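**Q** Supplied structure: work17.txt, compact mmCIF, C-alpha atoms and all ligand atoms.
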# COMPACT_ATOMS: atom_id res chain seq x y z
CA MET A 218 0.00 0.00 0.00
CA THR A 219 1.45 3.35 -1.04
CA GLN A 220 1.74 5.95 1.64
CA HIS A 221 1.64 9.59 0.63
CA LEU A 222 3.20 12.41 2.59
CA LEU A 223 1.78 15.85 1.79
CA LEU A 224 4.07 18.70 2.81
CA GLY A 225 3.05 22.33 3.29
CA GLN A 226 1.40 24.50 5.89
CA THR A 227 -1.30 22.55 7.71
CA LEU A 228 -4.47 23.67 9.47
CA SER A 229 -6.40 21.36 11.77
CA PHE A 230 -8.76 21.57 14.73
CA THR A 231 -9.25 19.69 17.98
CA GLY A 232 -12.55 21.33 18.87
CA ASP A 233 -15.17 23.88 17.83
CA PRO A 234 -13.36 27.25 17.52
CA ILE A 235 -16.60 29.20 17.90
CA VAL A 236 -17.67 27.58 21.16
CA SER A 237 -14.11 27.42 22.53
CA ASP A 238 -11.48 30.13 22.19
CA TRP A 239 -10.23 29.47 18.65
CA ARG A 240 -6.62 29.73 19.85
CA ASP A 241 -7.08 26.69 22.09
CA VAL A 242 -8.39 24.33 19.43
CA THR A 243 -6.79 25.51 16.18
CA HIS A 244 -3.47 24.06 15.06
CA HIS A 245 -1.37 25.64 12.35
CA ASP A 246 1.99 24.23 11.36
CA SER A 247 4.03 26.34 8.94
CA ALA A 248 6.10 23.27 8.05
CA GLY A 249 3.51 20.55 8.48
CA ALA A 250 2.72 17.22 6.89
CA VAL A 251 -0.24 14.94 6.37
CA LEU A 252 0.29 11.22 5.92
CA VAL A 253 -2.29 9.48 3.72
CA ALA A 254 -2.66 5.73 3.57
CA ASP A 255 -5.47 3.51 2.38
CA GLY A 256 -7.73 6.46 1.61
CA ARG A 257 -7.49 7.87 5.12
CA ILE A 258 -5.52 10.39 7.11
CA ALA A 259 -2.95 8.26 8.93
CA ALA A 260 -1.16 11.10 10.75
CA THR A 261 -0.80 14.87 10.82
CA GLY A 262 2.21 16.59 12.36
CA PRO A 263 5.48 18.44 11.78
CA ALA A 264 7.11 17.63 8.44
CA THR A 265 10.46 16.78 10.04
CA ALA A 266 8.91 14.15 12.32
CA LEU A 267 6.71 12.54 9.67
CA ARG A 268 9.53 12.47 7.09
CA ARG A 269 11.71 10.73 9.63
CA ASP A 270 9.03 8.23 10.67
CA TYR A 271 7.76 7.42 7.16
CA PRO A 272 10.84 7.52 4.89
CA GLN A 273 9.17 5.22 2.35
CA ALA A 274 6.16 7.52 1.78
CA LYS A 275 5.78 9.22 -1.58
CA ILE A 276 6.40 12.95 -1.11
CA HIS A 277 4.00 15.62 -2.44
CA ASP A 278 5.64 18.94 -1.64
CA TYR A 279 3.15 21.80 -1.79
CA GLY A 280 5.67 24.40 -0.62
CA ASN A 281 3.95 27.28 1.14
CA ALA A 282 0.42 26.21 0.23
CA LEU A 283 -2.09 25.45 2.98
CA ILE A 284 -3.23 21.85 3.39
CA THR A 285 -6.72 21.62 4.91
CA ALA A 286 -9.67 19.28 4.98
CA GLY A 287 -11.76 19.35 1.79
CA PHE A 288 -14.75 21.66 2.07
CA VAL A 289 -18.14 20.25 3.00
CA ASP A 290 -21.15 21.98 1.43
CA ALA A 291 -24.09 21.21 3.71
CA HIS A 292 -26.97 22.37 1.45
CA MET A 293 -27.19 22.87 -2.29
CA HIS A 294 -29.34 22.02 -5.29
CA TYR A 295 -27.36 20.33 -8.04
CA PRO A 296 -30.30 20.72 -10.48
CA GLN A 297 -29.87 24.50 -10.19
CA THR A 298 -26.27 24.54 -11.42
CA ALA A 299 -27.19 25.67 -14.93
CA MET A 300 -29.41 28.55 -13.70
CA ILE A 301 -27.15 29.97 -10.98
CA ALA A 302 -27.04 33.79 -10.95
CA SER A 303 -30.53 34.40 -12.34
CA TRP A 304 -31.52 38.03 -11.96
CA GLY A 305 -33.97 40.08 -10.06
CA LYS A 306 -36.41 37.92 -8.07
CA ARG A 307 -37.10 37.05 -4.48
CA LEU A 308 -37.68 33.52 -3.25
CA ILE A 309 -41.16 32.55 -4.44
CA ASP A 310 -40.92 34.39 -7.80
CA TRP A 311 -37.38 33.08 -8.22
CA LEU A 312 -38.61 29.50 -7.74
CA ASN A 313 -41.49 29.92 -10.18
CA THR A 314 -39.57 31.89 -12.80
CA TYR A 315 -36.20 30.18 -12.91
CA THR A 316 -36.02 27.11 -10.68
CA PHE A 317 -39.08 25.06 -11.47
CA PRO A 318 -38.70 25.28 -15.28
CA GLU A 319 -35.08 24.11 -14.97
CA GLU A 320 -35.94 21.30 -12.54
CA MET A 321 -38.61 20.08 -14.97
CA GLN A 322 -35.81 18.78 -17.20
CA PHE A 323 -34.49 16.23 -14.70
CA GLY A 324 -36.92 13.50 -15.66
CA ASP A 325 -34.50 13.12 -18.58
CA ARG A 326 -31.77 10.87 -17.16
CA ALA A 327 -29.21 11.99 -19.74
CA TYR A 328 -29.67 15.64 -18.74
CA ALA A 329 -29.55 14.74 -15.05
CA ASP A 330 -26.31 12.79 -15.65
CA GLU A 331 -24.78 15.75 -17.47
CA ILE A 332 -25.61 18.29 -14.76
CA ALA A 333 -24.67 15.93 -11.90
CA ALA A 334 -21.24 15.38 -13.46
CA ARG A 335 -20.83 19.09 -14.16
CA THR A 336 -21.78 20.01 -10.59
CA LEU A 337 -19.46 17.51 -8.93
CA ASP A 338 -16.56 18.53 -11.17
CA LEU A 339 -17.19 22.20 -10.41
CA ALA A 340 -17.31 21.38 -6.70
CA LEU A 341 -13.98 19.55 -6.83
CA ALA A 342 -12.41 22.39 -8.80
CA HIS A 343 -13.47 24.67 -5.93
CA GLY A 344 -12.02 22.39 -3.23
CA THR A 345 -15.37 20.96 -2.13
CA THR A 346 -15.21 17.22 -1.54
CA THR A 347 -18.70 16.65 -0.08
CA LEU A 348 -21.99 18.00 -1.38
CA THR A 349 -25.37 17.77 0.33
CA SER A 350 -27.87 18.14 -2.46
CA PHE A 351 -31.55 18.41 -3.10
CA CYS A 352 -32.45 16.61 -6.33
CA THR A 353 -35.80 17.03 -8.14
CA ILE A 354 -39.05 15.10 -7.83
CA HIS A 355 -37.72 12.65 -10.44
CA PRO A 356 -36.12 9.48 -9.04
CA GLU A 357 -33.80 9.57 -12.09
CA SER A 358 -32.29 12.78 -10.75
CA VAL A 359 -31.30 10.99 -7.54
CA ASP A 360 -29.79 8.00 -9.32
CA ALA A 361 -27.85 10.39 -11.57
CA PHE A 362 -26.36 12.30 -8.64
CA PHE A 363 -25.38 9.30 -6.52
CA SER A 364 -23.95 7.51 -9.58
CA ALA A 365 -21.82 10.51 -10.53
CA ALA A 366 -20.57 10.82 -6.93
CA GLN A 367 -19.78 7.11 -6.78
CA ALA A 368 -17.73 7.42 -9.99
CA ARG A 369 -15.67 10.12 -8.24
CA ASP A 370 -15.45 8.31 -4.87
CA MET A 371 -17.09 11.31 -3.20
CA ALA A 372 -19.02 11.22 0.07
CA VAL A 373 -22.35 12.88 -0.70
CA VAL A 374 -25.76 13.34 0.85
CA ALA A 375 -28.84 13.66 -1.36
CA GLY A 376 -32.50 12.85 -1.69
CA LYS A 377 -35.50 13.09 -3.95
CA THR A 378 -37.11 16.51 -3.50
CA CYS A 379 -40.77 15.92 -2.71
CA MET A 380 -43.49 18.39 -3.77
CA ASP A 381 -47.20 17.72 -4.12
CA ARG A 382 -48.67 21.24 -4.16
CA ASN A 383 -47.91 24.77 -5.36
CA ALA A 384 -45.62 23.52 -8.10
CA PRO A 385 -46.34 23.36 -11.84
CA ASP A 386 -47.72 20.38 -13.72
CA GLY A 387 -44.97 17.88 -14.30
CA LEU A 388 -43.19 18.86 -11.10
CA ARG A 389 -45.54 17.38 -8.52
CA ASP A 390 -45.58 13.93 -6.97
CA SER A 391 -48.10 12.77 -4.35
CA ALA A 392 -47.91 11.81 -0.69
CA GLN A 393 -47.89 8.13 -1.62
CA SER A 394 -45.44 8.33 -4.54
CA ALA A 395 -43.09 10.55 -2.53
CA TYR A 396 -43.08 7.90 0.20
CA ASP A 397 -42.70 4.98 -2.23
CA ASP A 398 -40.03 6.60 -4.41
CA SER A 399 -38.03 7.89 -1.44
CA LYS A 400 -38.18 4.46 0.21
CA ALA A 401 -36.96 2.73 -2.96
CA LEU A 402 -34.17 5.28 -3.44
CA LEU A 403 -32.91 5.11 0.12
CA GLY A 404 -32.97 1.32 -0.13
CA ARG A 405 -30.83 1.61 -3.26
CA TRP A 406 -28.36 4.25 -2.06
CA HIS A 407 -28.27 4.84 1.70
CA GLY A 408 -25.00 3.55 3.10
CA LYS A 409 -23.85 2.28 -0.28
CA GLY A 410 -20.18 3.25 -0.53
CA ARG A 411 -19.97 6.87 0.54
CA ALA A 412 -23.63 7.73 -0.12
CA THR A 413 -26.02 8.99 2.57
CA TYR A 414 -29.72 9.42 1.86
CA ALA A 415 -31.62 12.46 3.12
CA ILE A 416 -35.41 12.34 3.12
CA THR A 417 -36.21 15.63 1.37
CA PRO A 418 -39.51 17.50 1.57
CA ARG A 419 -38.66 20.74 -0.28
CA PHE A 420 -40.51 23.02 2.18
CA THR A 421 -43.97 23.36 3.68
CA PRO A 422 -45.47 25.49 0.87
CA THR A 423 -44.87 22.67 -1.64
CA SER A 424 -45.80 19.67 0.52
CA THR A 425 -49.35 18.95 1.73
CA PRO A 426 -49.75 17.86 5.35
CA ASP A 427 -50.37 14.36 3.97
CA GLN A 428 -47.01 14.37 2.23
CA LEU A 429 -45.18 15.78 5.27
CA HIS A 430 -46.74 13.06 7.44
CA ALA A 431 -45.85 10.32 4.93
CA LEU A 432 -42.23 11.46 4.93
CA GLY A 433 -42.25 11.73 8.72
CA ALA A 434 -43.42 8.11 8.84
CA LEU A 435 -40.65 7.11 6.45
CA TRP A 436 -38.05 8.83 8.64
CA ARG A 437 -39.36 6.90 11.67
CA GLU A 438 -38.81 3.68 9.69
CA TYR A 439 -35.29 4.75 8.67
CA PRO A 440 -34.07 6.93 11.54
CA ASP A 441 -30.43 6.74 10.48
CA CYS A 442 -31.22 8.67 7.29
CA LEU A 443 -30.84 12.42 7.38
CA MET A 444 -33.82 14.70 6.66
CA GLN A 445 -33.29 18.01 4.86
CA THR A 446 -35.67 20.85 4.15
CA HIS A 447 -35.96 24.66 4.20
CA LEU A 448 -37.11 26.73 7.17
CA SER A 449 -37.91 30.43 7.63
CA GLU A 450 -35.85 31.81 4.77
CA GLN A 451 -37.96 34.84 3.77
CA VAL A 452 -40.72 36.77 5.51
CA ASP A 453 -43.17 36.31 2.58
CA GLU A 454 -42.60 32.56 2.72
CA ILE A 455 -43.30 32.53 6.47
CA ALA A 456 -46.53 34.49 5.93
CA TRP A 457 -47.55 31.96 3.27
CA VAL A 458 -46.90 29.08 5.66
CA ARG A 459 -49.04 30.85 8.27
CA ASP A 460 -51.89 31.16 5.72
CA LEU A 461 -51.57 27.50 4.73
CA HIS A 462 -51.36 26.27 8.36
CA PRO A 463 -53.28 28.71 10.58
CA GLN A 464 -53.40 26.13 13.37
CA ALA A 465 -49.61 25.68 13.50
CA ARG A 466 -47.69 27.33 16.34
CA ASP A 467 -45.03 28.49 13.86
CA TYR A 468 -43.26 27.33 10.68
CA LEU A 469 -41.23 24.63 12.45
CA ASP A 470 -44.42 23.22 13.93
CA THR A 471 -45.57 22.25 10.41
CA TYR A 472 -42.56 19.89 10.34
CA GLU A 473 -42.67 18.94 14.01
CA SER A 474 -46.32 17.87 13.90
CA ALA A 475 -45.51 15.64 10.92
CA GLY A 476 -42.59 13.87 12.58
CA LEU A 477 -40.00 15.90 10.67
CA LEU A 478 -38.18 17.46 13.60
CA GLY A 479 -35.25 15.43 14.85
CA GLU A 480 -31.59 15.21 15.66
CA ARG A 481 -30.70 14.18 12.12
CA GLY A 482 -32.76 17.01 10.63
CA LEU A 483 -31.06 19.70 8.53
CA TYR A 484 -33.01 22.96 8.39
CA GLY A 485 -31.73 25.21 5.61
CA HIS A 486 -31.55 29.01 6.11
CA ALA A 487 -33.38 29.34 9.48
CA ILE A 488 -33.09 33.12 9.47
CA HIS A 489 -36.33 34.50 10.91
CA LEU A 490 -36.86 32.05 13.77
CA GLU A 491 -39.32 32.44 16.64
CA PRO A 492 -38.01 31.78 20.17
CA ARG A 493 -40.01 28.53 20.33
CA GLU A 494 -38.44 27.31 17.11
CA ILE A 495 -34.94 27.97 18.42
CA ASP A 496 -35.80 26.21 21.68
CA ARG A 497 -37.10 23.12 19.89
CA ILE A 498 -34.19 22.81 17.46
CA ALA A 499 -31.79 23.16 20.40
CA GLU A 500 -33.73 20.59 22.47
CA VAL A 501 -33.80 17.91 19.79
CA GLY A 502 -30.25 18.61 18.62
CA GLY A 503 -31.18 19.37 15.00
CA ALA A 504 -28.84 21.33 12.74
CA VAL A 505 -29.42 24.53 10.83
CA VAL A 506 -27.54 25.30 7.64
CA HIS A 507 -26.30 28.80 6.89
CA CYS A 508 -26.38 29.76 3.20
CA PRO A 509 -24.93 33.28 3.20
CA THR A 510 -24.45 33.99 -0.54
CA SER A 511 -28.03 32.89 -1.11
CA ASN A 512 -29.33 35.02 1.74
CA THR A 513 -27.83 38.17 0.25
CA PHE A 514 -28.51 37.20 -3.38
CA ILE A 515 -32.23 36.42 -2.92
CA GLY A 516 -32.51 39.12 -0.25
CA SER A 517 -33.55 36.83 2.60
CA GLY A 518 -31.99 38.37 5.71
CA LEU A 519 -29.17 38.17 8.21
CA PHE A 520 -28.59 34.77 9.83
CA ASP A 521 -27.85 34.92 13.56
CA MET A 522 -24.70 32.79 13.81
CA ALA A 523 -23.69 34.00 17.27
CA GLY A 524 -27.18 33.69 18.75
CA LEU A 525 -27.76 30.15 17.47
CA LYS A 526 -24.26 29.02 18.43
CA ALA A 527 -24.84 30.39 21.92
CA ARG A 528 -27.85 28.06 22.13
CA GLY A 529 -25.62 25.10 21.28
CA ILE A 530 -27.21 24.54 17.87
CA SER A 531 -25.10 22.75 15.28
CA ILE A 532 -24.56 24.94 12.20
CA GLY A 533 -23.41 23.85 8.76
CA LEU A 534 -22.21 26.16 6.01
CA ALA A 535 -23.45 25.88 2.45
CA THR A 536 -23.52 27.42 -1.01
CA ASP A 537 -27.24 26.80 -1.66
CA THR A 538 -26.41 26.67 -5.37
CA GLY A 539 -28.23 28.11 -7.38
CA GLY A 540 -30.05 30.44 -4.92
CA GLY A 541 -26.50 30.94 -3.75
CA SER A 542 -24.37 32.86 -6.21
CA SER A 543 -21.12 30.88 -6.05
CA PHE A 544 -19.84 27.32 -6.17
CA SER A 545 -16.95 28.37 -3.92
CA MET A 546 -16.90 27.70 -0.20
CA LEU A 547 -14.23 30.44 0.00
CA ARG A 548 -16.75 32.95 -1.35
CA THR A 549 -19.33 31.39 1.00
CA MET A 550 -17.04 31.99 3.98
CA ALA A 551 -16.59 35.59 2.81
CA ALA A 552 -20.36 36.08 2.72
CA ALA A 553 -20.71 34.49 6.17
CA TYR A 554 -18.09 36.94 7.41
CA GLU A 555 -19.95 39.88 5.88
CA ILE A 556 -23.31 38.83 7.33
CA ALA A 557 -21.76 38.31 10.76
CA GLN A 558 -20.17 41.78 10.48
CA LEU A 559 -23.61 43.26 9.79
CA ARG A 560 -24.69 41.50 13.01
CA GLY A 561 -21.70 43.00 14.86
CA VAL A 562 -19.66 39.79 15.14
CA PRO A 563 -16.33 39.41 13.28
CA LEU A 564 -15.83 35.71 12.55
CA HIS A 565 -12.15 34.75 12.69
CA PRO A 566 -10.60 32.98 9.67
CA ALA A 567 -10.09 29.90 11.84
CA GLN A 568 -13.81 29.88 12.65
CA LEU A 569 -14.75 30.30 8.99
CA MET A 570 -12.46 27.47 7.87
CA TRP A 571 -13.88 25.21 10.58
CA LEU A 572 -17.48 26.01 9.60
CA ALA A 573 -16.73 25.13 5.97
CA SER A 574 -15.25 21.76 6.87
CA GLU A 575 -15.75 20.17 10.27
CA GLY A 576 -18.70 22.36 11.23
CA SER A 577 -20.62 21.20 8.18
CA ALA A 578 -19.46 17.62 8.72
CA ARG A 579 -20.79 17.68 12.29
CA ALA A 580 -24.12 19.08 11.10
CA LEU A 581 -24.30 16.06 8.78
CA HIS A 582 -23.38 13.73 11.67
CA MET A 583 -20.16 12.87 9.86
CA GLY A 584 -17.75 14.54 12.27
CA GLY A 585 -14.45 12.66 12.40
CA LYS A 586 -15.25 10.92 9.13
CA ILE A 587 -14.98 13.86 6.73
CA GLY A 588 -14.08 17.54 7.00
CA SER A 589 -11.06 16.93 9.20
CA LEU A 590 -7.34 16.21 9.04
CA SER A 591 -7.52 14.09 12.17
CA GLN A 592 -6.30 10.53 12.14
CA GLY A 593 -8.84 8.11 10.71
CA ALA A 594 -10.81 10.68 8.73
CA ALA A 595 -11.24 10.12 5.01
CA ALA A 596 -8.36 11.64 3.05
CA ASP A 597 -10.56 14.29 1.42
CA ILE A 598 -8.09 17.15 1.28
CA CYS A 599 -7.87 20.61 -0.22
CA VAL A 600 -4.53 22.31 -0.91
CA ILE A 601 -4.89 26.09 -1.05
CA ASP A 602 -2.53 28.47 -2.86
CA LEU A 603 -2.40 31.57 -0.66
CA ALA A 604 -1.15 33.77 -3.51
CA SER A 605 -3.43 32.70 -6.37
CA THR A 606 -4.00 36.12 -7.96
CA PRO A 607 -1.89 39.30 -8.05
CA ALA A 608 -4.39 41.08 -5.80
CA ILE A 609 -4.25 38.32 -3.19
CA ALA A 610 -0.49 37.80 -3.52
CA GLN A 611 0.35 41.45 -2.85
CA ARG A 612 -1.71 41.35 0.36
CA THR A 613 -0.40 37.97 1.50
CA GLY A 614 3.14 39.20 0.79
CA VAL A 615 2.98 41.61 3.72
CA ALA A 616 1.10 39.28 6.10
CA ASN A 617 2.48 38.91 9.60
CA ASP A 618 0.95 35.54 10.40
CA ILE A 619 -1.06 32.70 8.85
CA TRP A 620 -4.38 34.44 9.51
CA GLU A 621 -3.35 37.58 7.67
CA ALA A 622 -2.01 35.32 4.92
CA LEU A 623 -5.21 33.25 4.69
CA PHE A 624 -7.94 35.88 5.10
CA PRO A 625 -7.32 37.56 1.68
CA THR A 626 -7.91 34.17 0.03
CA ILE A 627 -11.11 33.68 2.04
CA MET A 628 -12.35 37.14 1.00
CA MET A 629 -11.08 37.28 -2.58
CA GLY A 630 -10.27 33.69 -3.57
CA ASP A 631 -12.05 31.31 -5.92
CA ASP A 632 -11.21 28.13 -7.83
CA ARG A 633 -7.85 29.64 -8.85
CA ALA A 634 -6.79 29.25 -5.22
CA ILE A 635 -7.34 25.49 -5.21
CA ALA A 636 -3.94 23.96 -6.00
CA GLU A 637 -4.92 20.31 -5.55
CA VAL A 638 -7.79 18.20 -4.28
CA TRP A 639 -7.60 14.69 -2.87
CA VAL A 640 -10.63 12.44 -2.59
CA LYS A 641 -10.39 9.27 -0.52
CA GLY A 642 -6.61 9.32 -0.78
CA LYS A 643 -6.34 10.01 -4.51
CA VAL A 644 -5.57 13.19 -6.40
CA ARG A 645 -8.59 14.22 -8.51
N1 LIG A 701 -37.05 27.10 -0.60
C1 LIG A 701 -37.68 26.11 -1.25
N2 LIG A 701 -36.98 25.70 -2.32
C2 LIG A 701 -35.89 26.44 -2.36
C3 LIG A 701 -34.77 26.47 -3.25
O1 LIG A 701 -34.66 25.75 -4.22
N3 LIG A 701 -33.81 27.41 -2.95
C4 LIG A 701 -33.90 28.24 -1.88
N4 LIG A 701 -32.93 29.11 -1.64
N5 LIG A 701 -34.94 28.22 -1.05
C5 LIG A 701 -35.92 27.34 -1.29
ZN ZN A 702 -32.02 25.29 -0.70
What does this structure look like when you write it as C-alpha cells?
Ligand code: GUN
Ligand code: ZN

**A**
Amino acid sequence: MTQHLLLGQTLSFTGDPIVSDWRDVTHHDSAGAVLVADGRIAATGPATALRRDYPQAKIHDYGNALITAGFVDAHMHYPQTAMIASWGKRLIDWLNTYTFPEEMQFGDRAYADEIAARTLDLALAHGTTTLTSFCTIHPESVDAFFSAAQARDMAVVAGKTCMDRNAPDGLRDSAQSAYDDSKALLGRWHGKGRATYAITPRFTPTSTPDQLHALGALWREYPDCLMQTHLSEQVDEIAWVRDLHPQARDYLDTYESAGLLGERGLYGHAIHLEPREIDRIAEVGGAVVHCPTSNTFIGSGLFDMAGLKARGISIGLATDTGGGSSFSMLRTMAAAYEIAQLRGVPLHPAQLMWLASEGSARALHMGGKIGSLSQGAAADICVIDLASTPAIAQRTGVANDIWEALFPTIMMGDDRAIAEVWVKGKVR
C-alpha cells in the first residue's frame, strides 16, 4: 500500500473554535505534513517528524500552500447549477420563474447525468469534496447524482425533492409516490459506498400535510437517514406558511407535527426564527444550515450565527447553489463573514475554515469521518494556494501571520486558489 506524505502548511482543529477560544483548538503548522494511507488520514504533524518516521512515503511537496480538509457543502441544489445567478427575483418568484422550469428537465436521465457530473466537477475544482444536495421530484435525478458521486469516490448526501402542491404540472408527486419513491431510493443508495440518503420534503409550501406526514413516517422507519428541508428563509414565505397552516404554532411546527423534527434534521436558512423554534431545534439537537451567498442574493436576511451558536445549535455552512451565487466555499465563507459583520460579530478565519469543513461535517453527523485532518478521517483534502492572484499575492506578501495570509484568500479567492484536491486518498 502506497503511503503519501503531503508537505506544506497545515491547518487542523481539535474542537469547535466558535464555542471554545479558537486559539485553544486551532493548530497551524508552517512546516507541516499529512500522511495518507489507504484512503485515510494516517497522521498529521510536523514535516520533520513525519519524514523521519515514514521515509518510504511518496512525497508531495506543496511548498507554502495550505493543506486543509476538503470543504463540506451542507446544502445545495445540483439541479440548479445551470441557472445559478438568475436576476432580479425574491424567493417565491425566483422559484417559479427560474427554478421550477429548470428542474422540470431532470426526468431526462441523460440531462440529469450531465448536470450531476458538471456540478461535482465544479465542486472539486473549488475544493469541495462533499456536497449535500436536493435533487428534483424525479427518481432519475437521484440516481444520476449518486452515480456521478460514486464514480468520483465522493461522500455525498442527497435525496428526492418531494413536492405535491404549489408547483407546476410535471413537477408534482403525491404523498404516496413521494413515500414509495423515497423508500426505494434510500434502499438503493443509503449507506452504499460513501452515499447517505436524506429524506427531502422541499418546504412546507410545496408539501401537503399528507405528504409531510408520509415522509415523517418514512423517517421513523429509517431513523439513520438524514432529513433536509428549508425553514424560515424569507418573511413572505413565512406568511404563506401561516396562511396555509393557521393552526400551527409556527413554521417549524408544520414539520414537528408531521414527525419531521429530529436530531438528524437539517433545516436550511433558518433566518427568521421564533423563540419557540430555536428552543425546539436546540432541544432535539437538529442542525441549521447557513447559506450566506443565497441570503444576500435572494434578499432573505441576516442569519444569527452567534445567537444560534450560543444556544448550542449545530450549524453547517453551504452554497445553496443556485439560490446561492457561487460554487466556492471560499466565497461562501466571505459572505458568512460579511453577514456576521452586519450583526456586529467578526468571525475569525479559523472559525470560517472550521465552519466550511468540520462544522458542516458535524451538522451532517459525519464529524471525524470527513471535513477533518484528524487521524482516521477520510483523506478528502484541499490544498490552497495563498497567492493565487496578483491582488491576493500582494496582500499575502505583507502578512504577519497565517491568519493575515489566509484571510485575503477567504475574502477574494475562488477556484484559482485550489492547487490540488484529494478524494479518498487520490488526487482528482
Ligand atoms: N425554498 C424552497 N426551495 C428552495 C430552493 O430551491 N432554494 C432556496 N434558496 N430556497 C428554497
Ligand atoms: Zn435550498

**Q** What do you get as a PDB file with C-alpha atoms, keeping the file's coordinate frame if you pick all residues at most 9 Å from ligand LIG 701 (chain A), counting only C-alpha atoms and all ligand atoms?

**A**
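The resulting file, result.pdb, is reproduced below:
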ATOM      1  CA  MET A 293     -27.190  22.870  -2.290  1.00  0.00           C
ATOM      2  CA  HIS A 294     -29.340  22.020  -5.290  1.00  0.00           C
ATOM      3  CA  GLN A 297     -29.870  24.500 -10.190  1.00  0.00           C
ATOM      4  CA  LEU A 308     -37.680  33.520  -3.250  1.00  0.00           C
ATOM      5  CA  ILE A 309     -41.160  32.550  -4.440  1.00  0.00           C
ATOM      6  CA  TRP A 311     -37.380  33.080  -8.220  1.00  0.00           C
ATOM      7  CA  LEU A 312     -38.610  29.500  -7.740  1.00  0.00           C
ATOM      8  CA  THR A 316     -36.020  27.110 -10.680  1.00  0.00           C
ATOM      9  CA  PHE A 317     -39.080  25.060 -11.470  1.00  0.00           C
ATOM     10  CA  PHE A 351     -31.550  18.410  -3.100  1.00  0.00           C
ATOM     11  CA  ARG A 419     -38.660  20.740  -0.280  1.00  0.00           C
ATOM     12  CA  PHE A 420     -40.510  23.020   2.180  1.00  0.00           C
ATOM     13  CA  THR A 421     -43.970  23.360   3.680  1.00  0.00           C
ATOM     14  CA  PRO A 422     -45.470  25.490   0.870  1.00  0.00           C
ATOM     15  CA  THR A 423     -44.870  22.670  -1.640  1.00  0.00           C
ATOM     16  CA  THR A 446     -35.670  20.850   4.150  1.00  0.00           C
ATOM     17  CA  HIS A 447     -35.960  24.660   4.200  1.00  0.00           C
ATOM     18  CA  LEU A 448     -37.110  26.730   7.170  1.00  0.00           C
ATOM     19  CA  SER A 449     -37.910  30.430   7.630  1.00  0.00           C
ATOM     20  CA  GLU A 450     -35.850  31.810   4.770  1.00  0.00           C
ATOM     21  CA  GLN A 451     -37.960  34.840   3.770  1.00  0.00           C
ATOM     22  CA  GLU A 454     -42.600  32.560   2.720  1.00  0.00           C
ATOM     23  CA  GLY A 485     -31.730  25.210   5.610  1.00  0.00           C
ATOM     24  CA  HIS A 486     -31.550  29.010   6.110  1.00  0.00           C
ATOM     25  CA  CYS A 508     -26.380  29.760   3.200  1.00  0.00           C
ATOM     26  CA  SER A 511     -28.030  32.890  -1.110  1.00  0.00           C
ATOM     27  CA  ASN A 512     -29.330  35.020   1.740  1.00  0.00           C
ATOM     28  CA  ILE A 515     -32.230  36.420  -2.920  1.00  0.00           C
ATOM     29  CA  SER A 517     -33.550  36.830   2.600  1.00  0.00           C
ATOM     30  CA  ASP A 537     -27.240  26.800  -1.660  1.00  0.00           C
ATOM     31  CA  THR A 538     -26.410  26.670  -5.370  1.00  0.00           C
ATOM     32  CA  GLY A 539     -28.230  28.110  -7.380  1.00  0.00           C
ATOM     33  CA  GLY A 540     -30.050  30.440  -4.920  1.00  0.00           C
ATOM     34  CA  GLY A 541     -26.500  30.940  -3.750  1.00  0.00           C
TER      35      GLY A 541
END

**Q** Between A:Ala368, A:Gly408, A:Asp427, A:Ser577, which residue has the minimum interatomic distance to Ser394 in chain A, considering only C-alpha atoms?

**A**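 For Ser394 in chain A, the nearest of the given residues is A:Asp427.
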
**Q** When you look at Thr378 in chain A with a cut-off of 12 Å (counting only C-alpha atoms), what residues show up, excluding the ones that are within fewer than 4 positions of it in the same chain? I need them as a count of residues only.

**A** 44

**Q** Can you work out which one of A:Val458, A:Gln367, A:Thr298, A:Arg466 has the shortest atom-to-atom distance to Asn383 in chain A, counting all atoms listed in the file?

**A**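 Residue with the minimum atom-to-atom distance to Asn383 in chain A: A:Val458.
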
**Q** Which is closest to ligand ZN 702 (chain A) among A:Thr536, A:Thr347, A:Ser591, A:Thr626, if we use only C-alpha atoms and all ligand atoms?

**A**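 With only C-alpha atoms and all ligand atoms as the atom set, the closest residue is A:Thr536.
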
**Q** In Å, how far is it from CA of Trp639 in chain A to CA of Cys599 in chain A?

**A**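 Answer for the CA of Trp639 in chain A to CA of Cys599 in chain A separation: 6.5 Å.
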
**Q** List every protein, DNA or RNA residue that has at least one atom no more than 9 Å from (-36.3, 20.1, 13.5) in the file's coordinates, counting only C-alpha atoms, and write the result as an NGL selection string.

**A** :A and (469-470 or 472-473 or 476-484 or 494 or 497-499 or 501-505)

**Q** In Å, rounded to a single decimal, give me how far CA of Asp290 in chain A is from CA of Ala535 in chain A.

**A** 4.6 Å

**Q** Can you work out which one of A:Cys442, A:Leu534, A:Leu283, A:Ala254 has the shortest atom-to-atom distance to ligand ZN 702 (chain A), counting all atoms listed in the file?

**A**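 Among A:Cys442, A:Leu534, A:Leu283, A:Ala254, it is A:Leu534 that comes nearest to ligand ZN 702 (chain A).
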
**Q** I need range 233-244 of chain A from the structure I supplied, saved as a compact mmCIF listing (two decimals), in the first residue's frame with C-alpha atoms retained.

**A**
# COMPACT_ATOMS: atom_id res chain seq x y z
CA ASP A 233 -15.17 23.88 17.83
CA PRO A 234 -13.36 27.25 17.52
CA ILE A 235 -16.60 29.20 17.90
CA VAL A 236 -17.67 27.58 21.16
CA SER A 237 -14.11 27.42 22.53
CA ASP A 238 -11.48 30.13 22.19
CA TRP A 239 -10.23 29.47 18.65
CA ARG A 240 -6.62 29.73 19.85
CA ASP A 241 -7.08 26.69 22.09
CA VAL A 242 -8.39 24.33 19.43
CA THR A 243 -6.79 25.51 16.18
CA HIS A 244 -3.47 24.06 15.06
